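Written below as structure tokens is the structure these notes are about.
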Amino acid sequence: KFQLLLDRFPKSALAPQVHLAIASTFRQEFDFTNSVRRLDEWVRLFPTNRALADVEFQRAWFTEQAGGTNALALYTNFVARFTAHTNAPLAQFRVGDLYFSQGDAFDKAETSYQLLYQNTNWPDSRLKHLARLAAGRAAFERQSYKDATNYFNELVTQANSERVPKDIQASALFALGDTYLTASQAGVPIAEDPFGDAIIAFSRITNATLFPSSPLAPAAMGAIGNCLLQRAGKNKDPKQLDLAAEAYQKAIHWPGADAETRSLAEVALGVAREKQGRPKDALDHWSNVFYRKNLRPDEEESLEKVREAGDHLWRLREEQQEWTQAIAIYERMQ
């Protein structure tokens, strides 16, 4: 009906709105390709229309949804032409995300996020804090770990803690802990005690006073276990193994912990038990994950963790020369 209206009255004052209505019908059907085609035509037909800025943003957004390779250029051009538009900050954020997704343009992604949170003409918003967090992740990916820690620390310092949303602070702390660990493994000295600094970051997330009911808390507790397990291996300290096992148990039983987090912690707990000389306990924990005994109703298994648990199981069964059990594991993994 919209098209019939345009065919009869192509020069109507309502023609721009009708064209947009047609594009909207395609969007509602998730046909972003045809929606973009109609918006491209709209821009060509009505270049001076007062709705041009809104349409240009929609065109960039729908082009991205359609997988169009020119989405990056459309967002970039939008920010340059309509910098005062309410969607300009979001467009700038999407520029950063698209560079990030390329996998080899993390420096450009970082710069794009910086342009967002450093722009004083755009109001302070949640998006600006997310941009700083994303800039840190881009720095992490380009292996500039010191820069990454600076971004993350800026989000959780006392001066910023009252205005940065709690969930973003928790994400920054988790990323900070990961950065300390990764830098240490890569031989980059950004901290005197990377395990200790990582544990401090993760522990803040598990503090219910600071972050009540944070969904990242159980994963953070599991990450603390990982730090302690690595420290135990480095220092040959059995006490650290005990602490690691305790952290994994807390992660498994943490209220609200999802299946992925619990499975990850239980597989690691099996590793800790094996290192403690408790192979039977290790087998029990790996079996819980491998045979999906740890799942609650309506939960789906993490196939990656099932496979990892199976790898540990058959290895230990082979070492114990329990060939029948090992074969059963092979067959189930197939």
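Chain lettering (A, B, ...) mirrors the order of the structure tokens, residue numbering begins at 1 for each chain separately, and ligand numbering begins at 1 in order of display.
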
Exercise. Within 8 Å of range 144-151 of chain A, counting only C-alpha atoms, which residues qualify if same-chain residues fewer than 3 places away don't, as a ChimeraX atom specification?
Worked result: /A:132-133,135-141,154-155,176,179-180,183,188,190

Quick one: write out the picked residues with C-alpha atoms as a PDB file, in the first residue's frame?
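Output below, filename selection_37.pdb:
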```
ATOM      1  CA  ARG A 132      37.103   3.868  28.379  1.00  0.00           C
ATOM      2  CA  LEU A 133      36.631   0.197  29.273  1.00  0.00           C
ATOM      3  CA  ALA A 135      39.850   1.349  25.047  1.00  0.00           C
ATOM      4  CA  GLY A 136      41.506  -0.690  27.783  1.00  0.00           C
ATOM      5  CA  ARG A 137      40.496  -3.918  26.091  1.00  0.00           C
ATOM      6  CA  ALA A 138      41.874  -2.644  22.793  1.00  0.00           C
ATOM      7  CA  ALA A 139      45.178  -1.783  24.496  1.00  0.00           C
ATOM      8  CA  PHE A 140      45.178  -5.270  26.025  1.00  0.00           C
ATOM      9  CA  GLU A 141      44.689  -6.869  22.615  1.00  0.00           C
ATOM     10  CA  GLU A 154      40.828   5.106  35.872  1.00  0.00           C
ATOM     11  CA  LEU A 155      37.394   3.506  36.081  1.00  0.00           C
ATOM     12  CA  LEU A 176      42.519  -5.454  35.402  1.00  0.00           C
ATOM     13  CA  THR A 179      45.778  -8.002  32.511  1.00  0.00           C
ATOM     14  CA  TYR A 180      48.125  -8.534  35.450  1.00  0.00           C
ATOM     15  CA  ALA A 183      51.312  -9.614  31.308  1.00  0.00           C
ATOM     16  CA  VAL A 188      56.005  -8.094  30.727  1.00  0.00           C
ATOM     17  CA  ILE A 190      53.971  -4.273  34.977  1.00  0.00           C
TER      18      ILE A 190
END
```

For this session: Would you mind listing what lies within 9 Å of Val36 in chain A as a PyMOL selection string, with only C-alpha atoms counted and same-chain residues fewer than 5 positions away left out?
Result: chain A and resi 23+26-27+31+41+58-60+62-63+66

Take the residues just selected and output them with all heavy atoms as a compact mmCIF listing (two decimals), in the first residue's frame.
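As a result, again.txt now contains:
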```
# COMPACT_ATOMS: atom_id res chain seq x y z
N ALA A 23 10.96 1.39 4.41
CA ALA A 23 12.22 0.88 4.98
C ALA A 23 11.97 0.23 6.34
O ALA A 23 12.57 -0.79 6.67
CB ALA A 23 13.23 2.01 5.11
N PHE A 26 10.68 -3.36 6.12
CA PHE A 26 11.75 -4.33 5.88
C PHE A 26 12.53 -4.61 7.17
O PHE A 26 12.89 -5.75 7.45
CB PHE A 26 12.71 -3.82 4.80
CG PHE A 26 12.17 -3.90 3.40
CD1 PHE A 26 12.01 -2.77 2.63
CD2 PHE A 26 11.83 -5.13 2.85
CE1 PHE A 26 11.52 -2.85 1.33
CE2 PHE A 26 11.34 -5.23 1.55
CZ PHE A 26 11.19 -4.08 0.79
N ARG A 27 12.76 -3.55 7.95
CA ARG A 27 13.49 -3.73 9.21
C ARG A 27 12.72 -4.63 10.16
O ARG A 27 13.30 -5.50 10.82
CB ARG A 27 13.74 -2.37 9.87
CG ARG A 27 14.42 -2.47 11.23
CD ARG A 27 14.49 -1.11 11.92
NE ARG A 27 13.18 -0.55 12.16
CZ ARG A 27 12.37 -0.91 13.16
NH1 ARG A 27 12.74 -1.85 14.00
NH2 ARG A 27 11.20 -0.33 13.31
N ASP A 31 14.88 -7.78 7.34
CA ASP A 31 15.46 -7.73 5.99
C ASP A 31 16.25 -6.43 5.88
O ASP A 31 15.81 -5.45 5.28
CB ASP A 31 14.34 -7.78 4.94
CG ASP A 31 14.89 -7.84 3.52
OD1 ASP A 31 16.13 -7.70 3.34
OD2 ASP A 31 14.08 -8.00 2.58
N GLU A 41 18.15 5.07 -1.25
CA GLU A 41 17.31 5.80 -2.19
C GLU A 41 16.76 7.08 -1.56
O GLU A 41 16.69 8.13 -2.20
CB GLU A 41 16.16 4.90 -2.67
CG GLU A 41 15.29 5.54 -3.72
CD GLU A 41 14.18 4.63 -4.19
OE1 GLU A 41 14.05 3.51 -3.65
OE2 GLU A 41 13.42 5.03 -5.09
N GLN A 58 20.44 5.69 10.78
CA GLN A 58 19.75 4.42 10.52
C GLN A 58 20.43 3.66 9.39
O GLN A 58 20.58 2.43 9.45
CB GLN A 58 18.29 4.68 10.14
CG GLN A 58 17.43 5.16 11.28
CD GLN A 58 15.99 5.36 10.84
OE1 GLN A 58 15.45 4.58 10.06
NE2 GLN A 58 15.38 6.43 11.32
N ARG A 59 20.86 4.39 8.38
CA ARG A 59 21.51 3.73 7.24
C ARG A 59 22.80 3.04 7.67
O ARG A 59 23.08 1.90 7.26
CB ARG A 59 21.80 4.77 6.15
CG ARG A 59 22.26 4.18 4.82
CD ARG A 59 22.05 5.15 3.68
NE ARG A 59 22.94 6.29 3.73
CZ ARG A 59 23.86 6.57 2.78
NH1 ARG A 59 24.00 5.76 1.73
NH2 ARG A 59 24.60 7.64 2.88
N ALA A 60 23.58 3.70 8.51
CA ALA A 60 24.81 3.09 9.02
C ALA A 60 24.49 1.87 9.87
O ALA A 60 25.11 0.81 9.74
CB ALA A 60 25.61 4.11 9.81
N PHE A 62 21.71 -0.06 9.98
CA PHE A 62 21.14 -1.19 9.24
C PHE A 62 22.18 -1.81 8.30
O PHE A 62 22.15 -3.02 8.05
CB PHE A 62 19.91 -0.75 8.44
CG PHE A 62 18.76 -0.32 9.30
CD1 PHE A 62 17.78 0.53 8.80
CD2 PHE A 62 18.65 -0.75 10.61
CE1 PHE A 62 16.72 0.94 9.59
CE2 PHE A 62 17.59 -0.34 11.41
CZ PHE A 62 16.62 0.50 10.89
N THR A 63 23.09 -0.99 7.80
CA THR A 63 24.17 -1.52 6.97
C THR A 63 25.04 -2.47 7.78
O THR A 63 25.43 -3.55 7.31
CB THR A 63 25.03 -0.38 6.40
OG1 THR A 63 24.22 0.43 5.54
CG2 THR A 63 26.21 -0.94 5.59
N ALA A 66 23.22 -5.69 8.30
CA ALA A 66 23.19 -6.46 7.06
C ALA A 66 24.56 -7.03 6.69
O ALA A 66 24.69 -7.77 5.71
CB ALA A 66 22.67 -5.60 5.91
```

For this session: Name the residues in contact with Thr76 in chain A at a cut-off of 9 Å, using only C-alpha atoms, excluding same-chain residues fewer than 6 positions from it; report them as a list in words.
Result: Ala91, Gln92 and Val95 of chain A

Problem set entry | DSSP helix (DSSP H, G or I) selection over range 155-202 of chain A, as a PyMOL selection string | chain A and resi 155-156+166-185+194-202

For this session: Using only C-alpha atoms, determine which residues lie at most 9 Å from range 238-240 of chain A, disregarding the query and same-chain residues fewer than 3 positions distant; provide the list as a list in words.
Result: Leu228, Leu229, Gln230, Arg231, Ala232, Gly233, Asn235, Leu243, Ala244, Ala245, Lys275 and Gln276 of chain A

For this session: For Asn294 in chain A, please output as a VMD selection string all residues within 10 Å (counting only C-alpha atoms; exclusion window: fewer than 5 positions along the same chain).
Result: chain A and resid 252 259 262 to 263 266 285 287 to 289 299 301

Exercise. What lies within 6 Å of Tyr248 in chain A using only C-alpha atoms, ignoring chain neighbours under 2 positions off, as an NGL selection string?
Worked result: :A and (222 or 225 or 245-246 or 250-251 or 265 or 269)

Suppose we keep C-alpha atoms; can you now write the selection as a compact mmCIF listing (two decimals), in the first residue's frame?
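Here's the written file part10.txt:
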```
# COMPACT_ATOMS: atom_id res chain seq x y z
CA GLY A 222 37.24 -18.79 40.24
CA GLY A 225 41.62 -19.79 42.46
CA ALA A 245 40.85 -25.39 46.17
CA GLU A 246 38.89 -23.35 48.69
CA LYS A 250 33.33 -21.06 46.73
CA ALA A 251 32.94 -20.32 43.01
CA ALA A 265 35.88 -23.96 38.58
CA LEU A 269 39.43 -27.90 41.32
```

Write out as a JSON list (two decimals) with N, CA and C atoms, in the first residue's frame each polymer residue whose atoms come within 12 Å of Leu303 in chain A, counting only C-alpha atoms; drop sequence neighbours fewer than 6 positions from it.
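Below you can see out_9.json, which holds the result:
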```json
[["chain", "number", "residue", "atom", "x", "y", "z"],
["A", 259, "ALA", "N", 26.32, -22.26, 34.75],
["A", 259, "ALA", "CA", 26.93, -23.57, 34.47],
["A", 259, "ALA", "C", 28.36, -23.43, 33.97],
["A", 260, "GLU", "N", 28.61, -22.44, 33.13],
["A", 260, "GLU", "CA", 29.96, -22.25, 32.58],
["A", 260, "GLU", "C", 30.96, -21.96, 33.69],
["A", 263, "SER", "N", 31.42, -25.10, 35.94],
["A", 263, "SER", "CA", 32.19, -26.15, 35.27],
["A", 263, "SER", "C", 33.66, -25.78, 35.20],
["A", 264, "LEU", "N", 33.93, -24.52, 34.88],
["A", 264, "LEU", "CA", 35.33, -24.06, 34.82],
["A", 264, "LEU", "C", 36.01, -24.25, 36.17],
["A", 289, "VAL", "N", 31.70, -32.91, 35.74],
["A", 289, "VAL", "CA", 31.56, -32.07, 34.55],
["A", 289, "VAL", "C", 31.40, -32.92, 33.30],
["A", 290, "PHE", "N", 32.21, -33.96, 33.19],
["A", 290, "PHE", "CA", 32.20, -34.78, 31.96],
["A", 290, "PHE", "C", 30.86, -35.47, 31.76],
["A", 291, "TYR", "N", 30.27, -35.95, 32.84],
["A", 291, "TYR", "CA", 28.98, -36.64, 32.75],
["A", 291, "TYR", "C", 27.81, -35.71, 33.07],
["A", 292, "ARG", "N", 28.11, -34.42, 33.16],
["A", 292, "ARG", "CA", 27.08, -33.38, 33.32],
["A", 292, "ARG", "C", 26.28, -33.52, 34.61],
["A", 309, "ALA", "N", 37.37, -31.67, 30.73],
["A", 309, "ALA", "CA", 37.26, -32.65, 31.81],
["A", 309, "ALA", "C", 37.56, -34.05, 31.29],
["A", 310, "GLY", "N", 37.08, -34.37, 30.09],
["A", 310, "GLY", "CA", 37.36, -35.67, 29.50],
["A", 310, "GLY", "C", 38.84, -35.89, 29.24],
["A", 333, "MET", "N", 33.62, -39.32, 24.35],
["A", 333, "MET", "CA", 34.11, -38.09, 23.73],
["A", 333, "MET", "C", 33.85, -38.09, 22.22]]
```

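Using only C-alpha atoms, the shortest contact distance between Thr182 in chain A and any of A:Ala208, A:Leu216, A:Ala198, A:Leu45 is found at A:Ala198.
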
Exercise. With distances taken over only C-alpha atoms, which of A:Ala220, A:Leu20, A:Ile327, A:Leu72 is nearest to Phe100 in chain A?
Worked result: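 The shortest atom-to-atom distance to Phe100 in chain A comes from A:Leu72.
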